[in-house]
$ cat run.cif   # mmCIF, C-alpha atoms
data_my_file
#
loop_
_atom_site.label_atom_id
_atom_site.label_comp_id
_atom_site.auth_asym_id
_atom_site.auth_seq_id
_atom_site.Cartn_x
_atom_site.Cartn_y
_atom_site.Cartn_z
CA MET A 1 -18.59 73.26 190.28
CA SER A 2 -14.98 73.80 189.17
CA ASP A 3 -12.83 76.57 190.55
CA PRO A 4 -11.76 78.93 187.68
CA THR A 5 -8.61 79.82 189.62
CA LEU A 6 -7.34 76.23 189.38
CA PRO A 7 -5.56 75.03 186.20
CA ALA A 8 -7.63 72.78 183.92
CA ASP A 9 -4.54 70.60 183.50
CA PRO A 10 -3.16 69.71 186.96
CA GLN A 11 0.34 69.29 185.49
CA HIS A 12 0.58 72.67 183.76
CA LEU A 13 -0.13 76.30 184.59
CA ASP A 14 -2.40 78.25 182.27
CA ALA A 15 -2.73 82.00 181.93
CA TRP A 16 -6.51 82.02 182.44
CA SER A 17 -6.27 80.39 185.88
CA VAL A 18 -3.47 82.70 186.99
CA ARG A 19 -5.40 85.72 185.73
CA ALA A 20 -8.59 84.63 187.53
CA THR A 21 -6.62 84.29 190.77
CA VAL A 22 -5.13 87.77 190.40
CA VAL A 23 -8.54 89.25 189.59
CA ARG A 24 -9.98 87.72 192.75
CA LEU A 25 -7.02 89.05 194.73
CA ASP A 26 -7.62 92.49 193.20
CA GLN A 27 -11.23 92.40 194.37
CA ARG A 28 -10.23 91.33 197.88
CA ILE A 29 -7.65 94.10 198.19
CA GLY A 30 -10.07 96.69 196.81
CA ALA A 31 -12.77 95.63 199.27
CA ARG A 32 -10.49 95.84 202.32
CA PHE A 33 -8.12 98.67 201.34
CA PRO A 34 -10.02 100.83 198.80
CA THR A 35 -7.94 103.96 199.47
CA ARG A 36 -4.44 102.46 199.47
CA ASN A 37 -2.12 102.29 196.51
CA LEU A 38 -1.64 98.56 197.04
CA ARG A 39 -4.85 97.96 195.10
CA VAL A 40 -3.18 99.30 191.93
CA LEU A 41 -0.62 96.48 191.80
CA PRO A 42 -2.92 93.57 190.83
CA GLY A 43 -4.01 95.59 187.80
CA GLN A 44 -0.37 95.92 186.74
CA LEU A 45 0.06 92.17 187.02
CA ILE A 46 -3.12 91.55 185.04
CA GLN A 47 -1.74 93.74 182.25
CA VAL A 48 1.38 91.57 182.09
CA ILE A 49 -0.73 88.40 181.92
CA ASP A 50 -2.94 89.86 179.17
CA HIS A 51 0.16 90.92 177.24
CA LEU A 52 1.54 87.41 177.59
CA GLN A 53 -1.67 85.82 176.31
CA GLN A 54 -1.88 88.16 173.33
CA ARG A 55 1.79 87.71 172.53
CA GLN A 56 1.57 83.92 172.69
CA GLU A 57 -1.42 83.87 170.34
CA THR A 58 0.27 86.06 167.72
CA TRP A 59 3.74 84.61 168.21
CA ARG A 60 2.67 80.99 167.56
CA SER A 61 1.63 81.73 163.98
CA ARG A 62 4.54 84.09 163.36
CA ARG A 63 7.01 81.58 164.77
CA ARG A 64 5.75 78.84 162.45
CA ALA A 65 6.23 81.12 159.45
CA LEU A 66 9.65 82.24 160.71
CA GLU A 67 10.75 78.65 161.35
CA LEU A 68 9.63 77.65 157.85
CA ALA A 69 11.58 80.54 156.30
CA CYS A 70 14.68 79.74 158.35
CA ARG A 71 14.51 76.03 157.43
CA LEU A 72 14.21 76.98 153.76
CA LEU A 73 17.25 79.25 154.02
CA ILE A 74 19.15 76.49 155.82
CA ALA A 75 18.33 74.06 153.01
CA LEU A 76 19.49 76.59 150.39
CA THR A 77 22.68 77.17 152.37
CA VAL A 78 23.43 73.46 152.55
CA VAL A 79 22.71 72.96 148.85
CA GLY A 80 24.90 75.94 147.99
CA LEU A 81 27.66 74.54 150.18
CA LEU A 82 27.50 71.12 148.51
CA VAL A 83 27.58 72.69 145.05
CA GLY A 84 30.52 74.85 146.06
CA LEU A 85 32.40 71.87 147.51
CA VAL A 86 31.88 69.89 144.32
CA LEU A 87 33.11 72.78 142.17
CA ILE A 88 36.19 73.28 144.36
CA ALA A 89 37.01 69.58 144.47
CA THR A 90 36.76 69.22 140.68
CA GLN A 91 38.97 72.20 139.89
CA THR A 92 41.83 71.44 137.56
CA THR A 93 45.23 71.60 139.26
CA PRO A 94 47.42 74.31 137.69
CA SER A 95 50.23 72.74 135.72
CA ASP A 96 52.82 75.20 137.07
CA GLU A 97 52.00 74.49 140.74
CA PRO A 98 53.09 71.40 142.70
CA GLN A 99 50.26 68.92 143.23
CA GLY A 100 50.53 69.07 147.06
CA TRP A 101 50.28 72.86 147.26
CA ALA A 102 47.31 72.87 144.92
CA TRP A 103 45.33 70.49 147.13
CA LEU A 104 46.33 72.47 150.22
CA SER A 105 44.73 75.55 148.64
CA VAL A 106 41.63 73.52 147.78
CA PHE A 107 41.45 72.16 151.34
CA GLU A 108 41.67 75.69 152.78
CA SER A 109 38.77 76.81 150.57
CA LEU A 110 36.73 73.78 151.65
CA VAL A 111 37.29 74.52 155.34
CA ASN A 112 36.38 78.18 154.93
CA ASP A 113 33.17 77.36 153.10
CA ILE A 114 32.16 74.73 155.67
CA VAL A 115 32.86 77.06 158.63
CA PHE A 116 30.89 79.99 157.20
CA ALA A 117 28.03 77.74 156.14
CA GLY A 118 27.96 76.21 159.63
CA ILE A 119 27.77 79.66 161.22
CA ALA A 120 24.90 80.59 158.90
CA VAL A 121 23.02 77.36 159.69
CA TYR A 122 23.49 77.83 163.44
CA PHE A 123 22.26 81.44 163.27
CA LEU A 124 19.18 80.58 161.20
CA TRP A 125 18.32 77.55 163.35
CA ALA A 126 18.45 79.56 166.60
CA LEU A 127 16.84 82.74 165.23
CA PRO A 128 13.18 81.95 166.19
CA GLU A 129 14.19 80.97 169.72
CA ARG A 130 16.41 84.04 170.05
CA LEU A 131 13.57 86.38 169.01
CA GLN A 132 11.19 84.70 171.47
CA ARG A 133 13.79 84.98 174.22
CA ARG A 134 14.18 88.72 173.63
CA GLY A 135 10.45 89.29 174.06
CA ASP A 136 10.21 86.99 177.07
CA LEU A 137 13.12 88.63 178.88
CA ALA A 138 11.66 92.10 178.35
CA THR A 139 8.37 91.06 180.01
CA LEU A 140 10.15 89.12 182.75
CA GLN A 141 12.06 92.29 183.59
CA ARG A 142 8.68 93.99 184.14
CA LEU A 143 7.78 91.25 186.60
CA ARG A 144 11.09 91.65 188.44
CA SER A 145 10.45 95.38 188.77
CA LEU A 146 6.89 94.74 189.97
CA ALA A 147 8.19 92.40 192.68
CA HIS A 148 10.44 95.18 193.97
CA VAL A 149 7.54 97.65 193.88
CA ILE A 150 5.46 95.27 196.01
CA ASP A 151 8.35 95.00 198.43
CA MET A 152 8.51 98.80 198.65
CA HIS A 153 4.87 98.86 199.77
CA GLN A 154 5.58 96.65 202.78
CA LEU A 155 8.95 98.10 203.83
CA THR A 156 7.49 100.65 206.26
CA LYS A 157 4.81 98.25 207.57
CA ASP A 158 6.74 97.30 210.72
CA PRO A 159 4.78 95.43 213.44
CA GLU A 160 7.07 96.91 216.09
CA ARG A 161 5.29 100.24 215.61
CA LEU A 162 2.16 98.73 217.17
CA ARG A 163 3.90 98.17 220.47
CA ASP A 164 2.81 100.31 223.38
CA ASP A 165 6.41 101.31 224.10
CA PHE A 166 7.22 102.40 220.52
CA HIS A 167 8.26 106.06 220.30
CA SER A 168 7.79 107.71 216.92
CA THR A 169 9.82 110.59 215.52
CA ALA A 170 9.03 113.43 213.17
CA GLN A 171 10.25 111.24 210.29
CA THR A 172 8.26 108.13 211.22
CA VAL A 173 5.87 107.00 208.50
CA GLN A 174 2.48 106.46 210.10
CA LEU A 175 0.87 103.06 209.56
CA GLY A 176 -2.79 103.99 209.80
CA LEU A 177 -3.54 100.29 210.38
CA THR A 178 -4.69 98.17 213.27
CA ALA A 179 -2.84 94.94 213.97
CA ILE A 180 -5.39 92.85 212.10
CA GLU A 181 -5.39 95.27 209.15
CA LEU A 182 -1.60 95.15 209.06
CA ALA A 183 -1.71 91.34 209.03
CA ASN A 184 -4.11 91.45 206.08
CA TYR A 185 -1.99 94.06 204.29
CA LEU A 186 1.19 91.99 204.64
CA ASP A 187 -0.64 88.83 203.62
CA TYR A 188 -1.87 90.53 200.44
CA CYS A 189 1.70 91.62 199.66
CA SER A 190 2.84 88.03 200.07
CA GLU A 191 0.05 86.78 197.79
CA LEU A 192 0.96 89.37 195.16
CA LEU A 193 4.57 88.23 195.24
CA SER A 194 3.42 84.63 194.87
CA MET A 195 1.35 85.57 191.81
CA VAL A 196 4.33 87.40 190.31
CA GLY A 197 6.25 84.13 190.59
CA LYS A 198 3.36 82.17 189.05
CA THR A 199 3.13 84.65 186.16
CA ALA A 200 6.86 84.28 185.55
CA ALA A 201 6.42 80.49 185.52
CA LEU A 202 3.94 80.86 182.64
CA PHE A 203 6.86 81.83 180.39
CA GLY A 204 8.45 78.44 181.04
CA GLU A 205 5.49 76.48 179.68
CA ASP A 206 6.33 77.08 176.00
CA THR A 207 10.11 77.32 175.99
CA GLU A 208 13.20 75.28 176.75
CA ASP A 209 15.58 78.21 176.40
CA ARG A 210 18.09 78.00 179.25
CA ILE A 211 18.51 81.76 179.62
CA THR A 212 14.74 82.30 179.87
CA LEU A 213 14.33 79.42 182.34
CA SER A 214 17.23 80.75 184.42
CA THR A 215 15.59 84.20 184.52
CA ILE A 216 12.30 82.63 185.61
CA THR A 217 14.07 80.77 188.39
CA GLY A 218 15.73 84.02 189.49
CA ILE A 219 12.35 85.79 189.73
CA GLU A 220 10.85 82.88 191.68
CA ASP A 221 13.79 82.95 194.10
CA LEU A 222 13.41 86.73 194.47
CA THR A 223 9.68 86.54 195.24
CA ASN A 224 10.25 83.70 197.71
CA GLN A 225 12.91 85.71 199.54
CA LEU A 226 10.76 88.84 199.68
CA SER A 227 7.75 86.81 200.81
CA GLY A 228 9.90 85.24 203.53
CA LYS A 229 10.66 88.71 204.90
CA ILE A 230 6.95 89.48 204.98
CA TRP A 231 6.11 86.32 206.87
CA THR A 232 8.79 87.17 209.39
CA LYS A 233 6.86 90.37 210.05
CA ILE A 234 3.57 88.49 210.22
CA GLY A 235 5.13 86.17 212.77
CA LEU A 236 5.72 89.19 215.04
CA LEU A 237 2.04 90.16 215.00
CA PRO A 238 0.24 87.68 217.33
CA SER A 239 0.79 89.73 220.47
CA ALA A 240 -0.34 92.87 218.65
CA VAL A 241 -3.42 91.09 217.28
CA ARG A 242 -4.49 90.34 220.84
CA ARG A 243 -4.55 94.12 221.38
CA ALA A 244 -6.64 94.63 218.21
CA GLY A 245 -9.12 96.76 220.10
CA SER A 246 -6.61 99.61 220.34
CA PRO A 247 -7.33 102.46 217.88
CA PRO A 248 -5.06 102.86 214.84
CA VAL A 249 -2.66 105.71 214.48
CA ALA A 250 -3.39 108.59 212.10
CA ALA A 251 -4.14 107.34 208.61
CA ASN A 252 -1.73 108.00 205.79
CA PRO A 253 -2.86 105.88 202.79
CA SER A 254 0.00 104.51 200.72
#
$ encode --input "run.cif" --output "structure tokens"
Amino acid sequence: MSDPTLPADPQHLDAWSVRATVVRLDQRIGARFPTRNLRVLPGQLIQVIDHLQQRQETWRSRRRALELACRLLIALTVVGLLVGLVLIATQTTPSDEPQGWAWLSVFESLVNDIVFAGIAVYFLWALPERLQRRGDLATLQRLRSLAHVIDMHQLTKDPERLRDDFHSTAQTVQLGLTAIELANYLDYCSELLSMVGKTAALFGEDTEDRITLSTITGIEDLTNQLSGKIWTKIGLLPSAVRRAGSPPVAANPS
């Protein structure tokens, strides 16, 4: 039996596999931490994936129509340029103007027409990719913000607070977790960050735009760095896990 969380194509990510993995993670978090706000975050990530799938389905047909329209306008621009160049080149030289100055004026008109036509062709050729980039960057910004929200959830989850010699203050945020529960909580945060990176990578499957790919790489680097901080905390837990029989401090779901 195949695992729905694994891509059908081993060389490419697909949104369905990523979504299935996030759904399973959502169920795991809900089963272990039903009262904590951490369980809300997988749903936010699923919304982004669903938005991406819907956008890709509608954008493919719209992009084909937009590309066809842009290519038609490019062809008309080129034809208009050629007609204009022929008309300029065949103009009769004024009898009262020296031959050299007349051709200099013609050459200036030719250059102007070619430059403006080139700008129009470049704009029309890049327009579909530019519109796709704008939509992709807007959604990628949502993923970047979500990564920071996940990091906020783990900021106060400090393993040092499980030590017997830790002294709390009136401003100390209570964990409400045993050592094993804290390890699970941090592990879920790390998995969520990993799935944020995988969701960002989905945007690179259908584009070669350098700005979009650079943004994806930035999000992947961000999630890796944040996950590295979490695993540093997890690495401090083994001694606390051996004292897992100690009761947790007062609960304060977050």
$ closest_residue --input "run.cif" --among "A:Thr169, A:Gln132, A:Thr199, A:Thr156" --to "A:Thr212" --atoms "all atoms listed in the file"
A:Gln132
$ residues_around --input "run.cif" --residues "A:Lys233" --least-positions-apart "3" --cutoff "7 Å" --atoms "all atoms listed in the file" --output "list of chain:residue names"
A:Asp158, A:Pro159, A:Lys229, A:Ile230, A:Leu236, A:Leu237
$ closest_residue --input "run.cif" --among "A:Leu124, A:Leu82, A:Leu162, A:Val23" --to "A:Gln174" --atoms "only C-alpha atoms"
A:Leu162
$ resolve_selection --input "run.cif" --expression "the PyMOL selection byres ((chain A and resi 56) around 12)" --output "PyMOL selection string"
chain A and resi 14-15+49-55+57-63+132+135-136+202-203+205-207
$ write_last_selection --input "run.cif" --atoms "C-alpha atoms" --output "PDB file, keeping the file's coordinate frame"
ATOM      1  CA  ASP A  14      -2.400  78.250 182.270  1.00  0.00           C
ATOM      2  CA  ALA A  15      -2.730  82.000 181.930  1.00  0.00           C
ATOM      3  CA  ILE A  49      -0.730  88.400 181.920  1.00  0.00           C
ATOM      4  CA  ASP A  50      -2.940  89.860 179.170  1.00  0.00           C
ATOM      5  CA  HIS A  51       0.160  90.920 177.240  1.00  0.00           C
ATOM      6  CA  LEU A  52       1.540  87.410 177.590  1.00  0.00           C
ATOM      7  CA  GLN A  53      -1.670  85.820 176.310  1.00  0.00           C
ATOM      8  CA  GLN A  54      -1.880  88.160 173.330  1.00  0.00           C
ATOM      9  CA  ARG A  55       1.790  87.710 172.530  1.00  0.00           C
ATOM     10  CA  GLU A  57      -1.420  83.870 170.340  1.00  0.00           C
ATOM     11  CA  THR A  58       0.270  86.060 167.720  1.00  0.00           C
ATOM     12  CA  TRP A  59       3.740  84.610 168.210  1.00  0.00           C
ATOM     13  CA  ARG A  60       2.670  80.990 167.560  1.00  0.00           C
ATOM     14  CA  SER A  61       1.630  81.730 163.980  1.00  0.00           C
ATOM     15  CA  ARG A  62       4.540  84.090 163.360  1.00  0.00           C
ATOM     16  CA  ARG A  63       7.010  81.580 164.770  1.00  0.00           C
ATOM     17  CA  GLN A 132      11.190  84.700 171.470  1.00  0.00           C
ATOM     18  CA  GLY A 135      10.450  89.290 174.060  1.00  0.00           C
ATOM     19  CA  ASP A 136      10.210  86.990 177.070  1.00  0.00           C
ATOM     20  CA  LEU A 202       3.940  80.860 182.640  1.00  0.00           C
ATOM     21  CA  PHE A 203       6.860  81.830 180.390  1.00  0.00           C
ATOM     22  CA  GLU A 205       5.490  76.480 179.680  1.00  0.00           C
ATOM     23  CA  ASP A 206       6.330  77.080 176.000  1.00  0.00           C
ATOM     24  CA  THR A 207      10.110  77.320 175.990  1.00  0.00           C
TER      25      THR A 207
END
$ closest_residue --input "run.cif" --among "A:Gln154, A:Thr215, A:Gln27, A:Ser17" --to "A:Ala138" --atoms "only C-alpha atoms"
A:Thr215
$ closest_residue --input "run.cif" --among "A:Ser109, A:Arg161, A:Gly84, A:Ser190" --to "A:Gly176" --atoms "only C-alpha atoms"
A:Arg161
$ closest_residue --input "run.cif" --among "A:Glu160, A:Asp151, A:Asp113, A:Asp26" --to "A:Cys189" --atoms "all atoms listed in the file"
A:Asp151
$ residues_around --input "run.cif" --residues "A:Leu192" --least-positions-apart "6" --cutoff "12 Å" --atoms "only C-alpha atoms" --output "mmCIF file with C-alpha atoms, in the frame of the given file"
data_model
loop_
_atom_site.group_PDB
_atom_site.id
_atom_site.type_symbol
_atom_site.label_atom_id
_atom_site.label_comp_id
_atom_site.auth_asym_id
_atom_site.auth_seq_id
_atom_site.Cartn_x
_atom_site.Cartn_y
_atom_site.Cartn_z
ATOM 1 C CA VAL A 18 -3.470 82.700 186.990
ATOM 2 C CA ARG A 19 -5.400 85.720 185.730
ATOM 3 C CA THR A 21 -6.620 84.290 190.770
ATOM 4 C CA VAL A 22 -5.130 87.770 190.400
ATOM 5 C CA VAL A 23 -8.540 89.250 189.590
ATOM 6 C CA ARG A 24 -9.980 87.720 192.750
ATOM 7 C CA LEU A 25 -7.020 89.050 194.730
ATOM 8 C CA ASP A 26 -7.620 92.490 193.200
ATOM 9 C CA ARG A 28 -10.230 91.330 197.880
ATOM 10 C CA ILE A 29 -7.650 94.100 198.190
ATOM 11 C CA LEU A 38 -1.640 98.560 197.040
ATOM 12 C CA ARG A 39 -4.850 97.960 195.100
ATOM 13 C CA VAL A 40 -3.180 99.300 191.930
ATOM 14 C CA LEU A 41 -0.620 96.480 191.800
ATOM 15 C CA PRO A 42 -2.920 93.570 190.830
ATOM 16 C CA GLY A 43 -4.010 95.590 187.800
ATOM 17 C CA GLN A 44 -0.370 95.920 186.740
ATOM 18 C CA LEU A 45 0.060 92.170 187.020
ATOM 19 C CA ILE A 46 -3.120 91.550 185.040
ATOM 20 C CA LEU A 143 7.780 91.250 186.600
ATOM 21 C CA LEU A 146 6.890 94.740 189.970
ATOM 22 C CA ALA A 147 8.190 92.400 192.680
ATOM 23 C CA HIS A 148 10.440 95.180 193.970
ATOM 24 C CA VAL A 149 7.540 97.650 193.880
ATOM 25 C CA ILE A 150 5.460 95.270 196.010
ATOM 26 C CA ASP A 151 8.350 95.000 198.430
ATOM 27 C CA HIS A 153 4.870 98.860 199.770
ATOM 28 C CA GLN A 154 5.580 96.650 202.780
ATOM 29 C CA TYR A 185 -1.990 94.060 204.290
ATOM 30 C CA LEU A 186 1.190 91.990 204.640
ATOM 31 C CA LYS A 198 3.360 82.170 189.050
ATOM 32 C CA THR A 199 3.130 84.650 186.160
ATOM 33 C CA THR A 223 9.680 86.540 195.240
ATOM 34 C CA ASN A 224 10.250 83.700 197.710
ATOM 35 C CA LEU A 226 10.760 88.840 199.680
ATOM 36 C CA SER A 227 7.750 86.810 200.810
ATOM 37 C CA ILE A 230 6.950 89.480 204.980
#
$ closest_residue --input "run.cif" --among "A:Leu13, A:Val83, A:Ile234, A:Leu68" --to "A:Trp125" --atoms "only C-alpha atoms"
A:Leu68
$ atom_distance --input "run.cif" --atom1 "atom CA of A:Val196" --atom2 "atom CA of A:Ile180"
24.5 Å
$ atom_distance --input "run.cif" --atom1 "atom CA of A:Val115" --atom2 "atom CA of A:Arg71"
18.4 Å
$ axis_aligned_box --input "run.cif" --around "stretch 216-228 of chain A" --padding-each-side "4 Å" --output "JSON"
{"center_x": 11.7, "center_y": 84.8, "center_z": 194.6, "size_x": 16.0, "size_y": 16.1, "size_z": 25.9}
